[in-house]
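**Q** One file: my_file.cif (mmCIF, C-alpha atoms).
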data_final
loop_
_atom_site.label_atom_id
_atom_site.label_comp_id
_atom_site.auth_asym_id
_atom_site.auth_seq_id
_atom_site.Cartn_x
_atom_site.Cartn_y
_atom_site.Cartn_z
CA MET A 1 22.13 -8.68 10.40
CA GLU A 2 20.93 -6.53 13.31
CA PRO A 3 18.02 -7.97 15.30
CA LEU A 4 14.80 -6.59 13.86
CA PHE A 5 13.34 -5.63 17.23
CA LEU A 6 16.41 -3.66 18.35
CA LYS A 7 16.75 -2.07 14.94
CA SER A 8 13.13 -0.95 14.82
CA ILE A 9 13.05 0.80 18.16
CA LYS A 10 16.43 2.50 17.76
CA GLY A 11 15.39 4.03 14.47
CA ALA A 12 11.92 5.09 15.58
CA ILE A 13 12.80 7.09 18.69
CA LYS A 14 13.60 10.34 16.91
CA HIS A 15 10.08 10.37 15.47
CA TRP A 16 8.07 9.00 18.42
CA TYR A 17 6.30 12.35 18.86
CA ILE A 18 4.62 12.25 15.42
CA PRO A 19 1.88 9.74 16.40
CA LEU A 20 1.51 11.79 19.58
CA LEU A 21 0.80 14.95 17.57
CA VAL A 22 -1.71 13.11 15.39
CA GLY A 23 -3.43 11.66 18.45
CA LEU A 24 -3.71 15.04 20.16
CA LEU A 25 -5.05 16.57 16.95
CA PHE A 26 -7.74 13.89 16.64
CA ILE A 27 -8.79 14.37 20.26
CA VAL A 28 -9.04 18.16 19.87
CA VAL A 29 -11.12 17.73 16.71
CA SER A 30 -13.37 15.20 18.47
CA ILE A 31 -14.00 17.64 21.31
CA ILE A 32 -14.92 20.33 18.79
CA ALA A 33 -17.32 17.88 17.14
CA PHE A 34 -18.96 17.17 20.52
CA THR A 35 -19.46 20.85 21.30
CA SER A 36 -20.43 22.16 17.84
CA PRO A 37 -24.06 22.41 16.72
CA LEU A 38 -25.21 20.49 13.70
CA ASN A 39 -25.76 23.64 11.64
CA SER A 40 -21.97 24.05 11.49
CA LEU A 41 -21.53 20.78 9.57
CA LEU A 42 -19.73 22.61 6.75
CA ALA A 43 -17.25 24.07 9.22
CA LEU A 44 -16.78 20.63 10.77
CA SER A 45 -16.12 19.10 7.36
CA LEU A 46 -13.44 21.68 6.64
CA LEU A 47 -11.93 21.10 10.09
CA PHE A 48 -11.90 17.34 9.52
CA ALA A 49 -10.35 17.86 6.08
CA LEU A 50 -7.51 20.05 7.35
CA SER A 51 -6.78 17.84 10.35
CA PHE A 52 -6.75 14.69 8.20
CA LEU A 53 -4.49 16.32 5.64
CA PHE A 54 -2.03 17.32 8.35
CA GLY A 55 -2.25 13.93 10.07
CA GLY A 56 -1.84 12.06 6.79
CA ILE A 57 1.20 14.07 5.76
CA VAL A 58 3.09 13.68 9.05
CA GLU A 59 2.22 9.97 9.36
CA THR A 60 3.43 9.36 5.81
CA ILE A 61 6.68 11.18 6.62
CA PHE A 62 7.02 9.13 9.82
CA SER A 63 6.61 5.80 8.02
CA ILE A 64 8.94 6.61 5.11
CA ALA A 65 11.62 7.98 7.44
CA ASN A 66 11.51 4.73 9.43
CA ARG A 67 11.12 2.27 6.56
CA ASN A 68 14.49 0.70 7.42
CA HIS A 69 13.79 0.60 11.15
CA LEU A 70 10.16 -0.31 11.72
CA PRO A 71 9.25 -3.91 10.86
CA ASN A 72 5.62 -2.92 10.19
CA TRP A 73 6.27 0.48 8.67
CA GLY A 74 3.92 -0.36 5.80
CA TRP A 75 0.90 -0.18 8.12
CA SER A 76 1.93 3.28 9.25
CA LEU A 77 2.31 4.30 5.60
CA ILE A 78 -1.20 3.03 4.82
CA PHE A 79 -2.50 4.98 7.86
CA GLY A 80 -0.97 8.13 6.48
CA LEU A 81 -2.08 7.66 2.89
CA LEU A 82 -5.67 6.75 3.81
CA THR A 83 -5.92 9.69 6.18
CA LEU A 84 -4.50 11.94 3.48
CA VAL A 85 -6.99 10.66 0.88
CA VAL A 86 -9.97 11.17 3.23
CA GLY A 87 -8.76 14.67 4.04
CA PHE A 88 -8.41 15.47 0.33
CA LEU A 89 -11.90 14.14 -0.45
CA LEU A 90 -13.41 16.24 2.32
CA LEU A 91 -11.50 19.30 1.16
CA ILE A 92 -12.64 19.15 -2.47
CA ASP A 93 -16.25 18.57 -1.42
CA PRO A 94 -16.82 20.03 2.08
CA LYS A 95 -20.61 20.18 1.53
CA LEU A 96 -20.91 16.45 1.98
CA SER A 97 -24.02 14.98 3.52
CA VAL A 98 -23.87 13.54 7.01
CA ALA A 99 -24.13 10.06 5.47
CA ALA A 100 -21.09 10.56 3.21
CA LEU A 101 -19.10 12.15 6.03
CA SER A 102 -19.96 9.23 8.31
CA PHE A 103 -18.88 6.73 5.67
CA TYR A 104 -15.49 8.35 5.01
CA ILE A 105 -14.58 8.76 8.67
CA GLY A 106 -16.12 5.42 9.67
CA PHE A 107 -14.00 3.56 7.11
CA LEU A 108 -10.84 5.40 8.17
CA ILE A 109 -11.34 4.78 11.89
CA LEU A 110 -12.31 1.15 11.29
CA PHE A 111 -9.02 0.48 9.52
CA ARG A 112 -7.02 2.21 12.24
CA SER A 113 -8.95 0.34 14.95
CA LEU A 114 -8.25 -3.06 13.40
CA ALA A 115 -4.58 -2.11 13.16
CA ALA A 116 -4.66 -1.11 16.85
CA ILE A 117 -5.92 -4.60 17.74
CA SER A 118 -3.12 -6.16 15.69
CA PHE A 119 -0.62 -3.83 17.35
CA ALA A 120 -1.87 -4.99 20.76
CA PHE A 121 -0.90 -8.58 19.98
CA ASP A 122 2.55 -7.40 18.87
CA LEU A 123 3.00 -5.60 22.18
CA LYS A 124 1.93 -8.72 24.03
CA ARG A 125 4.58 -10.75 22.21
CA TYR A 126 7.17 -8.14 23.13
CA GLY A 127 6.22 -8.53 26.79
CA VAL A 128 4.64 -5.08 27.21
CA LYS A 129 2.25 -5.23 30.16
CA ASP A 130 0.00 -2.41 28.93
CA TRP A 131 -0.90 -4.13 25.65
CA GLY A 132 -4.55 -4.36 26.79
CA PHE A 133 -5.00 -0.60 26.40
CA SER A 134 -4.28 -0.79 22.69
CA MET A 135 -6.71 -3.70 22.42
CA ALA A 136 -9.41 -1.72 24.24
CA PHE A 137 -8.92 1.40 22.10
CA GLY A 138 -9.07 -0.69 18.95
CA ILE A 139 -12.24 -2.56 19.95
CA ILE A 140 -14.09 0.58 21.08
CA GLY A 141 -13.03 2.48 17.95
CA ALA A 142 -14.14 -0.42 15.76
CA ILE A 143 -17.57 -0.47 17.45
CA PHE A 144 -18.18 3.21 16.77
CA SER A 145 -16.89 2.94 13.20
CA PHE A 146 -19.15 -0.08 12.53
CA ILE A 147 -22.14 1.93 13.71
CA LEU A 148 -21.18 4.78 11.38
CA LEU A 149 -20.81 2.43 8.42
CA TRP A 150 -23.97 0.43 9.06
CA ASN A 151 -26.16 3.45 9.83
CA PRO A 152 -24.86 6.27 7.61
CA LEU A 153 -28.33 7.87 7.66
CA LEU A 154 -28.33 8.12 11.46
CA ALA A 155 -29.97 11.32 12.69
CA GLY A 156 -27.58 14.23 12.07
CA ILE A 157 -26.51 15.15 15.58
CA GLY A 158 -26.13 11.48 16.48
CA ALA A 159 -23.78 10.95 13.54
CA VAL A 160 -21.63 13.93 14.57
CA VAL A 161 -21.39 12.55 18.12
CA LEU A 162 -20.40 9.11 16.82
CA ILE A 163 -17.78 10.70 14.58
CA GLY A 164 -16.46 12.54 17.62
CA PHE A 165 -16.22 9.34 19.65
CA SER A 166 -14.51 7.52 16.78
CA LEU A 167 -11.90 10.25 16.43
CA PHE A 168 -11.43 10.40 20.19
CA PHE A 169 -10.52 6.73 20.57
CA GLY A 170 -8.46 6.83 17.38
CA GLY A 171 -6.51 9.67 18.94
CA LEU A 172 -6.04 7.76 22.19
CA PHE A 173 -4.53 4.86 20.27
CA SER A 174 -2.06 7.15 18.45
CA ILE A 175 -0.98 8.69 21.75
CA PHE A 176 -0.58 5.27 23.36
CA PHE A 177 1.40 4.04 20.34
CA SER A 178 3.84 6.96 20.53
CA PHE A 179 4.52 6.53 24.24
CA GLN A 180 5.06 2.78 23.84
CA LEU A 181 7.72 3.49 21.20
CA ARG A 182 9.40 5.93 23.57
CA LYS A 183 9.17 3.57 26.56
CA ILE A 184 10.60 0.54 24.76
CA HIS A 185 13.44 2.58 23.31
CA LYS A 186 14.39 3.96 26.72
CA ARG A 187 14.55 0.43 28.08
CA LEU A 188 16.77 -0.71 25.23
CA LYS A 189 19.14 2.22 25.73
CA LYS A 190 19.83 0.89 29.21
CA MET A 191 20.78 -2.53 27.83
CA PRO A 192 24.53 -3.19 28.23
CA ALA A 193 26.42 -3.20 24.93
CA GLU A 194 27.82 -6.64 25.68
CA LEU A 195 24.33 -8.10 26.17
CA GLU A 196 23.14 -6.49 22.95
CA GLU A 197 26.05 -7.97 21.03
CA ARG A 198 25.37 -11.42 22.47
CA TYR A 199 21.73 -11.09 21.43
CA ARG A 200 22.75 -10.06 17.93
CA LYS A 201 25.06 -13.04 17.51
CA LEU A 202 22.44 -15.43 18.85
CA LYS A 203 19.91 -14.04 16.38
CA GLU A 204 22.34 -14.58 13.51
CA GLU A 205 23.01 -18.15 14.59
CA ILE A 206 19.28 -18.88 14.74
CA ILE A 207 18.78 -17.48 11.23
CA VAL A 208 21.68 -19.54 9.84
CA GLU A 209 20.41 -22.71 11.50
CA TRP A 210 16.90 -22.07 10.20
CA GLU A 211 18.12 -21.55 6.63
CA ASP A 212 20.13 -24.79 6.79
CA PHE A 213 17.25 -26.76 8.25
#
How does this structure look as structure tokens?
**A**
Amino acid sequence: MEPLFLKSIKGAIKHWYIPLLVGLLFIVVSIIAFTSPLNSLLALSLLFALSFLFGGIVETIFSIANRNHLPNWGWSLIFGLLTLVVGFLLLIDPKLSVAALSFYIGFLILFRSLAAISFAFDLKRYGVKDWGFSMAFGIIGAIFSFILLWNPLLAGIGAVVLIGFSLFFGGLFSIFFSFQLRKIHKRLKKMPAELEERYRKLKEEIIVEWEDF
């Protein structure tokens, strides 16, 4: 059996840019939310809907394509499906109130933020020095999403600004995630084949010993 860590990164490299695209999309949408007046809430809802639909589709494709390579591909699949569902809900009813819009986006960003915190601990275990950035993005995103969920009736323009901040830090996490996949893979490509084979055999021996224990 191939070591799970080596297997995951090797399979993910051809799709590392997908989280990057989603992250850039979220950041662009957040900037538009910052700069748009409140009277364009309908236009913002449609923009959120289309961006979430696109993000959900590509993230779902990313997770399914890497289901045999990413150890935690299920989380990525849930990201994609939730984002897709929120986008669909916004699309079928773009005239949502600010409260409903805040609830949908707040719930989505909260889930992604908690996953970012979990991802940070995974990076730490893998020895990645920059794991603190993922932790920071997750905590900040969770704070903004909590505010949206606890105060859905927040004054209109304030809610739009909070939505913008939530999307902004959610986008930063997706960008960071994609570059970490690329960075780890590049390091593994430089690993000598002999060392990789020794690691594989050691992993198999550990599994056999554990099963016989």
**Q** Return as a list in words the set of residues that the PyMOL selection byres ((chain A and resi 114) around 10) yields on the displayed structure.
**A**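 What the PyMOL selection byres ((chain A and resi 114) around 10) grabs from the file is Ile109, Leu110, Phe111, Arg112, Ser113, Ala115, Ala116, Ile117, Ser118, Phe119, Ala120, Met135, Phe137, Gly138, Ile139, Gly141 and Ala142 of chain A.
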**Q** Please enumerate the residues selected by the PyMOL selection byres ((chain A and resi 128-130) around 12) when evaluated against the supplied file, formatted as number ranges by chain.
**A** A: 119-127, 131-137, 176-177, 179-181, 183-184, 187
**Q** When you count only C-alpha atoms, which of these residues is closest to Phe173 of chain A: A:Ile140, A:Leu47, A:Val28, A:Trp150?
**A** A:Ile140
**Q** Mind pulling up the distance from atom CA of Phe48 of chain A to atom CA of Pro19 of chain A?
**A**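 These two atoms are separated by 17.2 Å.
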**Q** Nearest to Ala159 of chain A among A:Tyr17, A:Leu90, A:Leu82, A:Phe34, with distances taken over all atoms listed in the file: which residue is it?
**A** A:Phe34
**Q** Go through the shown structure with the PyMOL selection byres ((chain A and resi 51-68) around 8) and write out the matching residues as a PDB file with C-alpha atoms, keeping the file's coordinate frame.
**A**
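Output file expr-v5.pdb follows:
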ATOM      1  CA  SER A   8      13.130  -0.950  14.820  1.00  0.00           C
ATOM      2  CA  GLY A  11      15.390   4.030  14.470  1.00  0.00           C
ATOM      3  CA  ALA A  12      11.920   5.090  15.580  1.00  0.00           C
ATOM      4  CA  HIS A  15      10.080  10.370  15.470  1.00  0.00           C
ATOM      5  CA  ILE A  18       4.620  12.250  15.420  1.00  0.00           C
ATOM      6  CA  PRO A  19       1.880   9.740  16.400  1.00  0.00           C
ATOM      7  CA  VAL A  22      -1.710  13.110  15.390  1.00  0.00           C
ATOM      8  CA  LEU A  25      -5.050  16.570  16.950  1.00  0.00           C
ATOM      9  CA  PHE A  26      -7.740  13.890  16.640  1.00  0.00           C
ATOM     10  CA  VAL A  29     -11.120  17.730  16.710  1.00  0.00           C
ATOM     11  CA  LEU A  47     -11.930  21.100  10.090  1.00  0.00           C
ATOM     12  CA  PHE A  48     -11.900  17.340   9.520  1.00  0.00           C
ATOM     13  CA  ALA A  49     -10.350  17.860   6.080  1.00  0.00           C
ATOM     14  CA  LEU A  50      -7.510  20.050   7.350  1.00  0.00           C
ATOM     15  CA  HIS A  69      13.790   0.600  11.150  1.00  0.00           C
ATOM     16  CA  LEU A  70      10.160  -0.310  11.720  1.00  0.00           C
ATOM     17  CA  PRO A  71       9.250  -3.910  10.860  1.00  0.00           C
ATOM     18  CA  TRP A  73       6.270   0.480   8.670  1.00  0.00           C
ATOM     19  CA  GLY A  74       3.920  -0.360   5.800  1.00  0.00           C
ATOM     20  CA  SER A  76       1.930   3.280   9.250  1.00  0.00           C
ATOM     21  CA  LEU A  77       2.310   4.300   5.600  1.00  0.00           C
ATOM     22  CA  ILE A  78      -1.200   3.030   4.820  1.00  0.00           C
ATOM     23  CA  PHE A  79      -2.500   4.980   7.860  1.00  0.00           C
ATOM     24  CA  GLY A  80      -0.970   8.130   6.480  1.00  0.00           C
ATOM     25  CA  LEU A  81      -2.080   7.660   2.890  1.00  0.00           C
ATOM     26  CA  LEU A  82      -5.670   6.750   3.810  1.00  0.00           C
ATOM     27  CA  THR A  83      -5.920   9.690   6.180  1.00  0.00           C
ATOM     28  CA  LEU A  84      -4.500  11.940   3.480  1.00  0.00           C
ATOM     29  CA  VAL A  85      -6.990  10.660   0.880  1.00  0.00           C
ATOM     30  CA  VAL A  86      -9.970  11.170   3.230  1.00  0.00           C
ATOM     31  CA  GLY A  87      -8.760  14.670   4.040  1.00  0.00           C
ATOM     32  CA  PHE A  88      -8.410  15.470   0.330  1.00  0.00           C
TER      33      PHE A  88
END
**Q** Which centre and edge lengths in Å to one decimal define the box along x, y and z that fits every listed atom of segment 160-165 of chain A plus 3 Å per side, as lines of an AutoDock Vina configuration file?
**A**
center_x = -18.9
center_y = 11.5
center_z = 17.1
size_x = 11.4
size_y = 10.8
size_z = 11.1
**Q** Quick one: of A:Trp75, A:Phe107, A:Ser45, A:Ile147, who's nearest to Ala33 of chain A, counting only C-alpha atoms?
**A**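 Distance minimum relative to Ala33 of chain A lands on A:Ser45.
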**Q** How many Å lie between atom CA of Ile105 of chain A and atom CA of Phe146 of chain A, rounded to one decimal?
**A**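 One can read the atom CA of Ile105 of chain A to atom CA of Phe146 of chain A distance as 10.7 Å.
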**Q** Could you check how far atom CA of Phe144 of chain A sits from atom CA of Tyr104 of chain A, in Å to one decimal?
**A**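 We find that atom CA of Phe144 of chain A and atom CA of Tyr104 of chain A lie 13.1 Å from each other.
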**Q** With distances taken over only C-alpha atoms, which residue among A:Leu172, A:Leu101, A:Leu24, A:Ile163 lies nearest Ile143 of chain A?
**A** A:Ile163
